[in-house]
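S.K.: Sharing a structure, written as C-alpha cells. Questions coming.
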Amino acid sequence: MQSKDESGRGWNLANGDRSRRTEIRSALVVWCLAFLFWAPRLAAQTKNSCLDCHSSLEGAMRVTAESLQGDIHAQKGITCTGCHGGDASSDDKSKSMSAAAEYRGRLDRKQIPELCAKCHSDAAYMRGSNPSLRTDQLSEYHASVHGQMLAKGDEKVAVCTDCHGVHDILPPDDPRSSVYPINVAATCGKCHANAEYMKAYNIPTDQLSLYNASVHHTELVEKGDLSAPTCSTCHGSHGAAPPGVKSVANVCSTCHMIQGQMYAAGPHKKAFETMGLGGCVTCHTNHKIEHPTDALIGTGAGAVCLNCHIEGDTGYGPANQMHQELTDLDAAIRRSNDILTRAEEAGVEVGEAQLELNEARDDMTKARVEIHTVTLSQIDPDIQAGMQVTQETWKAGQAALAEGSYRRKGLLFSVAAVLLVLIGLWLKIRDLEADDDSANTKEEKQ
Amino acid sequence: MPDIGKNEGREERRRFVEAFLGMGVVASIASFLYPVLRYIIPPKQVELDASLVLAARAGDLKPNSGKIFRFGSRPAILILTSDGKYHALSAVCTHLGCTVQYLPDQHEVWCPCHNGKYTVDGANISGPPPRPLQEFDVILKGNEIYAQRPQNS
Amino acid sequence: MNALANIQNWLDERFGWDELMAFVRHKTVPTHRFSYFYFLGGMTLFLFGIQVATGILLLLYYRPTPDGAFESVQYIMTNVPFGWLIRSIHSWGANVMILTAIAHMFSVFFLKSYRKPRELTWLSGMILLFLVLGFGFSGYLLPWNMLSLFATKVGTDMAAQVPWIGHWILVFLRGGDDVTGATLTRFFGMHVAVLPGLATLFIGLHLVLVQRFGMSVPPGVEADWKAHPEKARELRFFPNFLLRELMAWYIALAVLGCLAAFKPWELGTKADLFASAPAGIRPEWYFMFMFQTLRFLPAKIGPFAGDLLGVLGFGAAAAVWTLLPFFDNDKRGRGKRWIAGVGVFALAYFVGMTVYAYLAG
C-alpha cells in the first residue's frame with residue numbers, strides 16, 4: 001500500500017526504502033535538537049501581554065521592555081503581574097485584566113506599603129531571593145511621620161514608590177539609584193523642597209538648599225566620602241522622622257562621639273535640656289552645618305554664645321577667655337609656619353620642624369573638640385602643649401634663618417676671596433705682558 | 001740709573017702682585033677646604049633610617065596599652081596586648097588622616113575624629129575608614145622593640 | 001730654591017721632565033676675535049673635575065637603595081655640615097657642565113675646528129658629549145624622588161622605541177621590565193664606575209689629540225692671516241693663557257657657590273613605585289627638545305608610530321652630526337658653507353624647542 005502526500009512523494013517506509021528512512025531520521029534528529037536549543041529561549045521569552053500593549057501606549061501608561069531592563073524586580077523574574085495581578089499570557093483585555101485573574105490595576109497609594117511588604121516583610125520569601133535584605137521596612141514605616149499620616153488618610157505623603165521608583169527600581173548600592181547615598185537628599189527634596197506641595201504642612205522647605213551648603217554635602221557629593229551623612233542618616237529612611245530635641249545629640253554622636261561626650265560632661269547639657277533646646281543643633285544648626293571656626297565661640301561677631309549669655313553672667317567671661325586661647329594658639333601656629341616657610345625659601349631644610357608643627361595642629365584640634373565641655377580648665381592643657389610646640393618650632397625657624405644668613409656670610413667671604421684672586425690674576429697678567437714683547441711672538445720670528 | 005730704578009720699581013710691583021695673588025689664592029682655597037673638611041667628619045646622629053625604627057624598650061608599655069612613636073615622618077602606634085604580643089601599625093587613620101589611639105577597654109584601635117575603629121592588626125571594622133592601617137613588622141632585640149617596614153615593597 | 005732644582009733633576013732623569021716642560025712652554029694659543037671660545041673646553045674639563053670631587057664626597061654618605069637613597073640625600077642636606085653645599089654644587093655643576101659641553105661643541109662646529117687633521121678630536125668629543133648626557137640621565141635617578149622616578153620611566157620608555165632591540169635595551173637599562181630598585185643599583189653603577197672609567201679614557205684621548213694638533217684657527221681668520229702675516233697673534237699657553245683660564249675657573253666656582261647658597265637643590269618627595277605619575281613630569285632641560293618634539297609628533301605617521309620615527313630621527317641626526325668631519329672635507333680647507341646653515345638650524349631648533357617646552361608647561 002502506498003500513501004502519498006501532496007507533493008507526490010511516497011511514504012512507503014514499510015517497503016524498506018532505506019534512503020527515505022535515513023532522511024526522515026535525520027529530520028527528526030534536527031527537529032529534536034532545534035527544540036532543545038530553542039526551548040529554553042522560548043521559555044524565557046514567556047509571553048507578557050501587558051508589555052505587548054503598554055509598550056505602545058503613551059504618557060504615564062507607557063512601559064517598555066527597555067525601561068524595565070535595569071529594574072531589580074524584572075531581573076529577578078518578578079514582572080507586571082507580581083504587583084498588578086492579572087493574566088499576562090492573554091492578549092484579550094477581558095481575560096488579562098479581569099477580576100478572575102486578580103487584576104488590581106492602578107494601585108491605590110494607600111495600599112502600596114502593604115503591597116510591597118507582602119514580599120519584603122516575608123522573611124522566608126526574601127531568603128529565597130536576597131537573604132541579606134532587611135524585612136522590617138513596613139514596621140519602620142508605620143513608625144515614621146509619613147506612615148502615620150498615611151494611616152490618617154493623607155495621600156500626599158511619601159510611599160515606597162515615591163523614593164524607590166516604580167518600574168525602574170535599582171538596588172540602593174547602585175550609583176544610579178534614587179536612594180544611593182549621594183542621591184538621597186535630592187530624592188527627599190522632590191517633596192520637601194517644593195514649597196507649593198508642602199504648603200499645608202507648616203514646616204520649612206529650605207532643608208535641601210541648607211544641606212547643600214553644608215560640609216556634610218561637600219564631603220559626600222564632592223569628595224565622594226560615602227560615610228558622610230545625608231537626610232536618611234539622621235532622620236532614618238523608612239522610619240523617617242526628625243530626631244527630636246532630646247535625642248538630636250545622640251544622633252550627631254554616632255560619628256562625632258567625642259564631641260558628644262564632651263558636651264555631656266559640661267554644663268550645657270543640663271541647661272539646654274531645661275530650656276528645651278537640642279544639643280549640637282543649638283550652636284551648629286541642623287541642616288546647614290558648616291565647618292566651625294574659632295569665631296563661633298566667644299563674644300565677638302558671629303559668636304553663638306551671645307544667643308544666651310550676656311555681659312557679666314557666669315558664661316560670658318569664660319567664653320571670651322576660651323576664644324582668646326584658641327585664637328592665640330592659632331596665631332602662634334601661623335607664625336611658626338611663616339618663619340619655617342621663609343627659612344625653607346631661603347634654602348634651609350626645615351622638614352623636621354614642619355613635622356613637629358603638625359603636633360601643635362593636633363593639639364589645636366584636640367582643644368577645638370574639648371571646647372564642647374565649655375570649661376576653660378579642659379582646654380588649657382592642650383592649648384599649653386600646643387604653645388610649647390609652637391615655641392620650639394619658632395626657635396627652630398629662627399635657627400634655620402640664622403643658618404641661612406650664616407651660609408650667605410660664608411658665601412660672601414668665598415666670593416670676596418675669589419674676587420681677590422681675580423684681581424690678583426689680572427694684575428699678574430698685566431704685569432707679565434706690560435712690556436714683555438715675547439708674550440706676543442709673531443710667527444715670522446720662528 | 002733711571003733704568004735700575006725702573007727695574008726696582010718693577011720688581012717691587014711684581015712682588016706686591018704675587019703677594020696679593022698668593023693671599024687671595026690661600027684665602028680662596030681655605031674657603032673651599034673648610035666646608036669640605038667639616039663635611040668629611042661624620043655628624044653625631046649617624047643614621048636617618050626610614051625602614052627600621054626603635055619604637056620602645058621592654059617595660060615601657062604595660063600589657064593592654066598603646067604608645068605613639070615616630071616612624072619616619074608619620075606617627076605610628078605600638079600596642080602590647082594582654083597576651084604579651086606586640087603590634088605595630090601606622091597611626092594615620094585612612095579616613096581623613098587623624099592620629100588613632102588604643103582603647104584598652106574595647107581592645108580596639110580607635111580614631112577620635114569620626115569614630116572609626118580598627119582591630120589591633122589594623123583591619124578597619126567600623127565607621128568611615130575605607131582601608132586598613134598599614135602594619136609594621138615587630139622585631140625584638142634584647143630589650144629593644146623595633147618596628148620595620150614589611151619587606152615586600 | 002736648590003730643593004726645587006733637585007726635584008726637577010730627579011724627575012727629569014726618570015720622566016724627561018725638562019722635555020715636557022719645554023713642550024708646555026712652547027705651546028701657544030692663537031689670539032683673534034673668537035679666542036674667548038677657547039675657554040669652553042677647559043671649562044668643561046674643570047667642571048668635570050668639580051663633579052668628580054663633589055661626587056666622591058657625596059659617596060661618603062649616599063646609599064643606592066630604594067630604602068636609603070632619598071633618606072641619605074635628606075641626611076646630607078640636613079645633618080651633614082655643608083652637605084647642602086656639596087650636594088647643590090654637584091647638582092648645579094652637572095647642569096652647568098652640560099651647558100658648557102654643548103656650547104663647546106657648537107663653538108667647535110661653527111669655528112670649523114673639526115677639519116682635517118682634527119677629525120678624531122671631534123669624534124672623541126662627541127663620544128664625550130654622549131657620556132656626559134649619560135651621566136646626567138643616570139645621576140638624575142639617584143635622589144630617588146617622584147620627579148626622578150618618572151623622568152627615568154619616560155626616558156627609558158623612549159629607548160624601547162628602537163626597532164628589534166628596543167625591548168632588550170629597555171630591560172638592560174632598567175634591570176627588569178619596570179623602573180625599580182634594580183634600576184637604581186644599575187644606574188648607580190653606571191654613574192660612579194662605568195661612565196667615569198669611559199670618560200677618563202676618552203678625555204685622555206681627547207686631550208692628547210688637542211695637544212698633538214694644537215689649537216685650530218677658524219677659516220676666516222686663517223685666510224686673513226695668510227694674506228697679512230703681520231696680523232697673526234699668539235699667546236703663550238704657560239703662563240699667560242693659563243692665568244686667564246684660571247680667572248674663568250674661579251668665576252665658575254663663585255657662580256656655583258652663589259647658586260648653591262641662594263637656590264639649593266630641592267629634595268622633592270620620596271619616590272613611590274605604586275603611585276600614579278604626578279602632573280608635569282618632564283626630563284631635565286637638556287632632553288627637553290627631544291621630549292617636546294615627540295609631543296608634537298602625531299601618534300601615527302603613515303604606517304609607523306610617531307614616537308618610533310621621532311626616536312629614529314634623532315638617532316640618525318646624532319649619527320650624521322658625529323660623522324660631520326667626513327661630510328665637511330672641503331679640499332680647499334675652508335669647509336662647506338651650507339654646513340654652517342645646518343648648524344644654525346640645529347642650534348635654533350635646540351634652543352627653540354627647549355624654550356617652547358618650558359613656556360607650554
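Lettering and numbering for the C-alpha cells are positional, with chains as A, B, ... in the shown order, residues counted from 1 in each chain, and ligands counted from 1 in the shown order.
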Using only C-alpha atoms, determine which residues lie at most 8 Å from Gln148 in chain B, disregarding the query and same-chain residues fewer than 3 positions distant; provide the list as a list in words.
M.R.: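 After dropping sequence-adjacent residues, the list is Ser51, Leu52, Val53, Phe136, Asp137, Val138 and Ile139 of chain B.
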S.K.: Could you find all residues in range 145-302 of chain C that DSSP calls strand (DSSP E) from the backbone, and write them as a count of residues only?
M.R.: 5
S.K.: Quick one: of C:Pro303, C:Pro117, C:Gly42, C:Pro143, who's nearest to Met77 in chain C, counting only C-alpha atoms?
M.R.: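 Going through C:Pro303, C:Pro117, C:Gly42, C:Pro143 one by one, the smallest distance to Met77 in chain C is for C:Pro143.
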S.K.: Set the distance at 9 Å and use only C-alpha atoms: which residues neighbour Leu61 in chain B once local chain neighbours fewer than 4 positions away are removed? I'd like the list as a list in words.
M.R.: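 The residues satisfying every condition are Ala56, Arg57, Ser65, Gly66, Lys67, Leu78, Ile79 and Leu80 of chain B.
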S.K.: Between CA of Lys118 in chain A and CA of Lys93 in chain A, what is the distance, to one decimal in Å?
M.R.: 26.2 Å
S.K.: Identify, on the basis of only C-alpha atoms, every residue whose closest approach to range 13-27 of chain B does not exceed 10 Å; exclude the query and any residue fewer than 5 positions from it along the same chain; express the result as JSON, numbers by chain.
M.R.: {"A": [413, 414, 416, 417, 418, 419, 420, 421, 422, 423, 424, 425, 426, 427, 428, 429, 431, 432], "B": [7, 8, 32, 33], "C": [250]}
S.K.: Please write the residues from the selection above to a file, keeping N, CA and C atoms, as a compact mmCIF listing (two decimals), in the first residue's frame.
M.R.:
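Output saved as again.txt:
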# COMPACT_ATOMS: atom_id res chain seq x y z
N PHE A 413 82.25 85.64 51.97
CA PHE A 413 83.69 85.51 52.21
C PHE A 413 84.35 84.81 51.03
N SER A 414 83.75 83.70 50.60
CA SER A 414 84.32 82.98 49.47
C SER A 414 84.37 83.83 48.22
N ALA A 416 84.41 87.02 48.06
CA ALA A 416 85.42 88.07 48.25
C ALA A 416 86.80 87.50 47.95
N ALA A 417 87.07 86.29 48.49
CA ALA A 417 88.36 85.66 48.22
C ALA A 417 88.54 85.45 46.72
N VAL A 418 87.48 85.00 46.06
CA VAL A 418 87.56 84.78 44.62
C VAL A 418 87.86 86.09 43.89
N LEU A 419 87.19 87.16 44.33
CA LEU A 419 87.44 88.46 43.71
C LEU A 419 88.89 88.88 43.87
N LEU A 420 89.43 88.67 45.08
CA LEU A 420 90.84 88.98 45.32
C LEU A 420 91.70 88.24 44.31
N VAL A 421 91.42 86.96 44.17
CA VAL A 421 92.21 86.15 43.25
C VAL A 421 92.08 86.68 41.83
N LEU A 422 90.82 87.01 41.46
CA LEU A 422 90.62 87.51 40.09
C LEU A 422 91.43 88.78 39.85
N ILE A 423 91.37 89.69 40.84
CA ILE A 423 92.12 90.93 40.68
C ILE A 423 93.61 90.61 40.61
N GLY A 424 94.04 89.72 41.53
CA GLY A 424 95.46 89.34 41.53
C GLY A 424 95.90 88.76 40.20
N LEU A 425 95.07 87.88 39.65
CA LEU A 425 95.42 87.26 38.37
C LEU A 425 95.51 88.31 37.28
N TRP A 426 94.55 89.21 37.29
CA TRP A 426 94.52 90.23 36.26
C TRP A 426 95.78 91.10 36.35
N LEU A 427 96.12 91.49 37.58
CA LEU A 427 97.32 92.28 37.77
C LEU A 427 98.55 91.51 37.29
N LYS A 428 98.59 90.24 37.63
CA LYS A 428 99.72 89.41 37.24
C LYS A 428 99.84 89.34 35.72
N ILE A 429 98.70 89.17 35.07
CA ILE A 429 98.72 89.08 33.61
C ILE A 429 99.24 90.39 33.02
N ASP A 431 101.03 92.58 34.46
CA ASP A 431 102.45 92.72 34.79
C ASP A 431 103.30 91.90 33.83
N LEU A 432 102.89 90.70 33.57
CA LEU A 432 103.63 89.82 32.68
C LEU A 432 103.73 90.39 31.29
N ASN B 7 113.66 99.18 37.05
CA ASN B 7 113.65 97.73 37.32
C ASN B 7 113.27 97.42 38.75
N GLU B 8 113.82 98.25 39.66
CA GLU B 8 113.48 98.02 41.07
C GLU B 8 111.98 98.22 41.29
N PHE B 32 87.36 77.08 50.33
CA PHE B 32 86.85 75.87 49.70
C PHE B 32 87.09 74.65 50.59
N LEU B 33 88.28 74.62 51.21
CA LEU B 33 88.64 73.46 52.00
C LEU B 33 87.86 73.35 53.31
N TYR C 250 87.84 80.39 38.39
CA TYR C 250 87.44 80.99 39.66
C TYR C 250 86.06 81.61 39.56
S.K.: Please identify every residue of chain C that has at least one atom no more than 7 Å from any atom of chain B, counting only C-alpha atoms, and report them as a PDB file with C-alpha atoms, in the first residue's frame.
M.R.:
ATOM      1  CA  ASP C  67      65.013  52.458  51.230  1.00  0.00           C
ATOM      2  CA  GLU C  71      66.831  59.398  53.159  1.00  0.00           C
ATOM      3  CA  SER C  72      70.591  59.586  52.653  1.00  0.00           C
ATOM      4  CA  TYR C  75      70.618  63.349  55.627  1.00  0.00           C
ATOM      5  CA  ASN C  79      72.571  66.714  59.020  1.00  0.00           C
ATOM      6  CA  VAL C  80      75.963  66.784  57.379  1.00  0.00           C
ATOM      7  CA  PRO C  81      77.797  70.117  57.794  1.00  0.00           C
ATOM      8  CA  PHE C  82      77.920  71.809  54.397  1.00  0.00           C
ATOM      9  CA  GLY C  83      76.203  68.784  52.917  1.00  0.00           C
TER      10      GLY C  83
END
S.K.: Work out how far apart CA of Gly127 in chain B and CA of Asn115 in chain B are and give it in Å to one decimal.
M.R.: 6.1 Å
S.K.: Can you tell me how far CA of Thr293 in chain C sits from CA of Met353 in chain C, in Å to one decimal?
M.R.: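 Straight-line distance from CA of Thr293 in chain C to CA of Met353 in chain C works out to 7.3 Å.
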S.K.: Give me the residues near range 272-279 of chain C as a VMD selection string, where near means some atom within 9 Å (using only C-alpha atoms) and where sequence neighbours in that chain fewer than 6 positions away do not count.
M.R.: (chain B and resid 153) or (chain C and resid 145 to 147 149 to 150 179 to 180)
S.K.: Nearest to Ser126 in chain B: which of B:Ala30, B:Asp105, B:His95, B:Leu140 is it, counting only C-alpha atoms?
M.R.: B:His95
S.K.: Pick from B:Pro132, B:Gly97, B:Gly142, B:Gly84: nearest to chain A, with only C-alpha atoms counted?
M.R.: B:Gly97
S.K.: Determine, using only C-alpha atoms, which residues of chain C have any atom at most 6 Å from an atom of chain A, and tabulate each with its shortest atom pair and distance in Å to one decimal place, rows ordered by chain and then rising number, as CSV.
M.R.:
residue,atom,partner,partner_atom,distance
C:Thr78,CA,A:Glu349,CA,5.9
C:Glu234,CA,A:Asn440,CA,5.4
C:Leu235,CA,A:Asn440,CA,5.7
C:Met247,CA,A:Leu422,CA,5.6
C:Ala254,CA,A:Val415,CA,5.7
C:Pro264,CA,A:Gly347,CA,5.5
S.K.: Just to be explicit: take each residue in the selection above, keep N, CA and C atoms, and write the result as a CSV table (one decimal), in the first residue's frame.
M.R.:
chain,number,residue,atom,x,y,z
C,78,THR,N,70.5,67.9,55.5
C,78,THR,CA,70.1,68.5,56.8
C,78,THR,C,71.1,68.2,57.9
C,234,GLU,N,99.6,85.6,18.8
C,234,GLU,CA,99.6,84.3,19.6
C,234,GLU,C,99.8,84.7,21.1
C,235,LEU,N,99.4,83.8,21.9
C,235,LEU,CA,99.6,83.9,23.4
C,235,LEU,C,100.3,82.7,23.9
C,247,MET,N,91.3,82.5,35.8
C,247,MET,CA,90.3,83.5,36.1
C,247,MET,C,88.9,82.9,35.8
C,254,ALA,N,82.7,80.7,41.8
C,254,ALA,CA,81.9,81.7,42.5
C,254,ALA,C,80.4,81.6,42.1
C,264,PRO,N,69.4,76.3,46.6
C,264,PRO,CA,69.8,75.0,46.9
C,264,PRO,C,68.9,74.0,46.1
S.K.: Excluding range 201-205 of chain A and residues on its chain fewer than 3 positions from it, collect all residues at most 12 Å away from it, counting only C-alpha atoms, and give them as a ChimeraX atom specification.
M.R.: /A:145,149,154,156-157,188-198,208-211,242,287
S.K.: Within range 29-88 of chain B, find each residue whose DSSP state, derived from the backbone, is alpha helix (DSSP H), and express the selection as a PyMOL selection string.
M.R.: chain B and resi 29-40
